[in-house]
Amino acid sequence: MKLKSLEIIGFKSFANKTKINFNNGLTEIVGPNGSGKSNVIEAIRWVLGEQSAKTLRGNKMPDIIFSGSSTHKAVNRAEVKLTLDNTDQYINSPYSEIIIARKLFRSGESQYSINNQECRLKDINNLFMDTGMGLGSFSIISQGNIEKIFNSKPEERRSIIETAAGVFKYKHQKHDANLKLSQTKENLDRVEDIIYELK
Ligand code: ATP
């Protein structure tokens, strides 16, 4: 699985449609201070489902929409598309090319899609779970991250190791199963109450 390209429109400093192709080998993004290098990485984070505006250096999510500059008017929509080459079927999907997209409008309306099919954030999370690429994985190491890992509490460090070892997916499934079990138990209790009343 490889990143093929990233398309950004109206996201942070990218007013116009900008496409970055990731060719084989290493891709470096260089530019003067404030030219938008970190914004490119944040666009990848965002399209993978980032929910924290703070992580994206904003106060609220609409702050990521291009807010205007001396040469361009503000826009009302941010959109990021990430294309992945999945010919090796590394991601559990029948498609050899996967396009993840996310849109946000100033009204607050937002939209996710996988291969042009509208989907939920959960579908994107599930797609990347345990691939080492989703949010919470270590495929993106931001400035200050390494120091944060070293200074983290033992429990936090354990969760980092669990994520890297692929245990997280099963913990997540266990949590979902436990929720369903307690819901079913509540339903059974209710049925028992009704049976008792009918006797
Ligand atoms: P450095 O080398 O200093 O780390 P950088 O190249 O990583 O800089 P970024 O931090 O990615 O640059 O980009 C910062 C620029 O993005 C600033 O000029 C800021 O005004 C601009 N910017 C951020 N959010 C928005 C927005 N919503 N609308 C317009 N411009 C924005």
# chains A, B, ... in the order shown; residues from 1 in each chain; ligands from 1

$ residues_near_ligand --ligand "ligand 1" --cutoff "6 Å" --atoms "only C-alpha atoms and all ligand atoms" --output "number ranges by chain"
A: 12-13, 31-39, 63-68

$ residues_around --residues "Ser5 (chain A)" --least-positions-apart "2" --cutoff "10 Å" --atoms "only C-alpha atoms" --output "list in words"
Lys2, Leu3, Glu7, Lys19, Ile20, Asn21, Phe22, Asn23, Lys81, Leu82, Thr83, Leu84, Asp85 and Ile99 of chain A

$ write_last_selection --atoms "C-alpha atoms" --output "PDB file, in the first residue's frame"
ATOM      1  CA  LYS A   2       1.396   3.394  -0.981  1.00  0.00           C
ATOM      2  CA  LEU A   3       0.234   6.969  -1.066  1.00  0.00           C
ATOM      3  CA  GLU A   7      -5.569  16.747  -3.640  1.00  0.00           C
ATOM      4  CA  LYS A  19      -2.336  18.141  -6.283  1.00  0.00           C
ATOM      5  CA  ILE A  20       0.769  16.421  -4.931  1.00  0.00           C
ATOM      6  CA  ASN A  21       1.840  13.172  -6.582  1.00  0.00           C
ATOM      7  CA  PHE A  22       3.873  10.788  -4.457  1.00  0.00           C
ATOM      8  CA  ASN A  23       6.189   8.997  -6.840  1.00  0.00           C
ATOM      9  CA  LYS A  81      -8.763  13.646  -1.352  1.00  0.00           C
ATOM     10  CA  LEU A  82      -6.124  11.026  -0.653  1.00  0.00           C
ATOM     11  CA  THR A  83      -5.482   8.335  -3.257  1.00  0.00           C
ATOM     12  CA  LEU A  84      -3.817   5.110  -2.163  1.00  0.00           C
ATOM     13  CA  ASP A  85      -2.371   2.340  -4.287  1.00  0.00           C
ATOM     14  CA  ILE A  99      -9.743   7.254  -2.703  1.00  0.00           C
TER      15      ILE A  99
END

$ residues_around --residues "region 137-151 of chain A" --least-positions-apart "6" --cutoff "10 Å" --atoms "only C-alpha atoms" --output "MDAnalysis selection string"
chainID A and resid 38 41:42 44:45 55 128:131 157 160 163:164 166

$ write_last_selection --atoms "C-alpha atoms" --output "PDB file, in the first residue's frame"
ATOM      1  CA  SER A  38       2.754  21.454   7.847  1.00  0.00           C
ATOM      2  CA  ILE A  41       0.599  16.870   6.603  1.00  0.00           C
ATOM      3  CA  GLU A  42      -2.456  18.200   8.421  1.00  0.00           C
ATOM      4  CA  ILE A  44      -3.543  13.977   5.382  1.00  0.00           C
ATOM      5  CA  ARG A  45      -4.391  13.805   9.082  1.00  0.00           C
ATOM      6  CA  THR A  55      -4.373  18.951  16.766  1.00  0.00           C
ATOM      7  CA  PHE A 128      -7.356   1.745   8.327  1.00  0.00           C
ATOM      8  CA  MET A 129      -7.605  -0.073  11.623  1.00  0.00           C
ATOM      9  CA  ASP A 130      -4.374  -1.989  12.245  1.00  0.00           C
ATOM     10  CA  THR A 131      -2.858  -1.019   8.903  1.00  0.00           C
ATOM     11  CA  ARG A 157       3.052   4.167  26.606  1.00  0.00           C
ATOM     12  CA  ILE A 160       1.260   3.111  22.056  1.00  0.00           C
ATOM     13  CA  THR A 163      -1.356   0.101  18.754  1.00  0.00           C
ATOM     14  CA  ALA A 164       1.993  -0.776  17.141  1.00  0.00           C
ATOM     15  CA  GLY A 166      -1.962  -4.595  16.439  1.00  0.00           C
TER      16      GLY A 166
END

$ closest_residue --among "A:Met61, A:Asn126, A:Asn86, A:Ser152" --to "Gly108 (chain A)" --atoms "only C-alpha atoms"
A:Met61

$ select_by_dssp --residues "region 1-198 of chain A" --states "strand (DSSP E or B)" --output "short mmCIF file (atom, residue, chain, number, x, y, z; two decimals) with C-alpha atoms, in the first residue's frame"
data_model
loop_
_atom_site.label_atom_id
_atom_site.label_comp_id
_atom_site.auth_asym_id
_atom_site.auth_seq_id
_atom_site.Cartn_x
_atom_site.Cartn_y
_atom_site.Cartn_z
CA LYS A 2 1.40 3.39 -0.98
CA LEU A 3 0.23 6.97 -1.07
CA LYS A 4 -0.36 7.93 -4.70
CA SER A 5 -1.56 11.49 -4.51
CA LEU A 6 -3.11 14.16 -2.35
CA GLU A 7 -5.57 16.75 -3.64
CA ILE A 8 -6.33 19.80 -1.53
CA ILE A 9 -8.91 22.54 -2.19
CA PHE A 11 -7.93 23.66 3.12
CA PHE A 14 -4.48 26.11 -0.12
CA THR A 18 -3.39 21.66 -5.40
CA LYS A 19 -2.34 18.14 -6.28
CA ILE A 20 0.77 16.42 -4.93
CA ASN A 21 1.84 13.17 -6.58
CA ILE A 65 -11.32 26.32 5.70
CA ARG A 77 -15.66 24.65 1.60
CA ALA A 78 -12.55 22.62 2.29
CA GLU A 79 -11.97 19.35 0.52
CA VAL A 80 -9.12 16.83 0.71
CA LYS A 81 -8.76 13.65 -1.35
CA LEU A 82 -6.12 11.03 -0.65
CA THR A 83 -5.48 8.34 -3.26
CA LEU A 84 -3.82 5.11 -2.16
CA ASP A 85 -2.37 2.34 -4.29
CA GLU A 97 -7.01 2.02 -5.74
CA ILE A 98 -8.68 3.61 -2.74
CA ILE A 99 -9.74 7.25 -2.70
CA ILE A 100 -10.62 8.68 0.69
CA ALA A 101 -12.26 12.11 0.66
CA ARG A 102 -13.53 14.53 3.27
CA LYS A 103 -15.42 17.81 2.80
CA LEU A 104 -16.39 20.48 5.29
CA PHE A 105 -18.70 23.43 4.65
CA SER A 110 -19.41 17.52 6.55
CA GLN A 111 -19.04 14.53 4.29
CA TYR A 112 -16.75 11.51 4.03
CA SER A 113 -16.41 9.16 1.10
CA ILE A 114 -14.51 6.07 0.04
CA GLN A 117 -19.37 6.46 -2.14
CA GLU A 118 -20.53 8.57 0.79
CA CYS A 119 -19.64 6.85 4.05
#

$ select_by_dssp --residues "region 19-185 of chain A" --states "alpha helix (DSSP H)" --output "ChimeraX atom specification"
/A:37-47,121-128,145-150,154-165,168-185

$ atom_distance --atom1 "CA of Met1 (chain A)" --atom2 "CA of Ser96 (chain A)"
9.2 Å

$ atom_distance --atom1 "CA of Leu56 (chain A)" --atom2 "CA of Phe168 (chain A)"
23.9 Å

$ atom_distance --atom1 "CA of Leu121 (chain A)" --atom2 "CA of Asn16 (chain A)"
25.4 Å
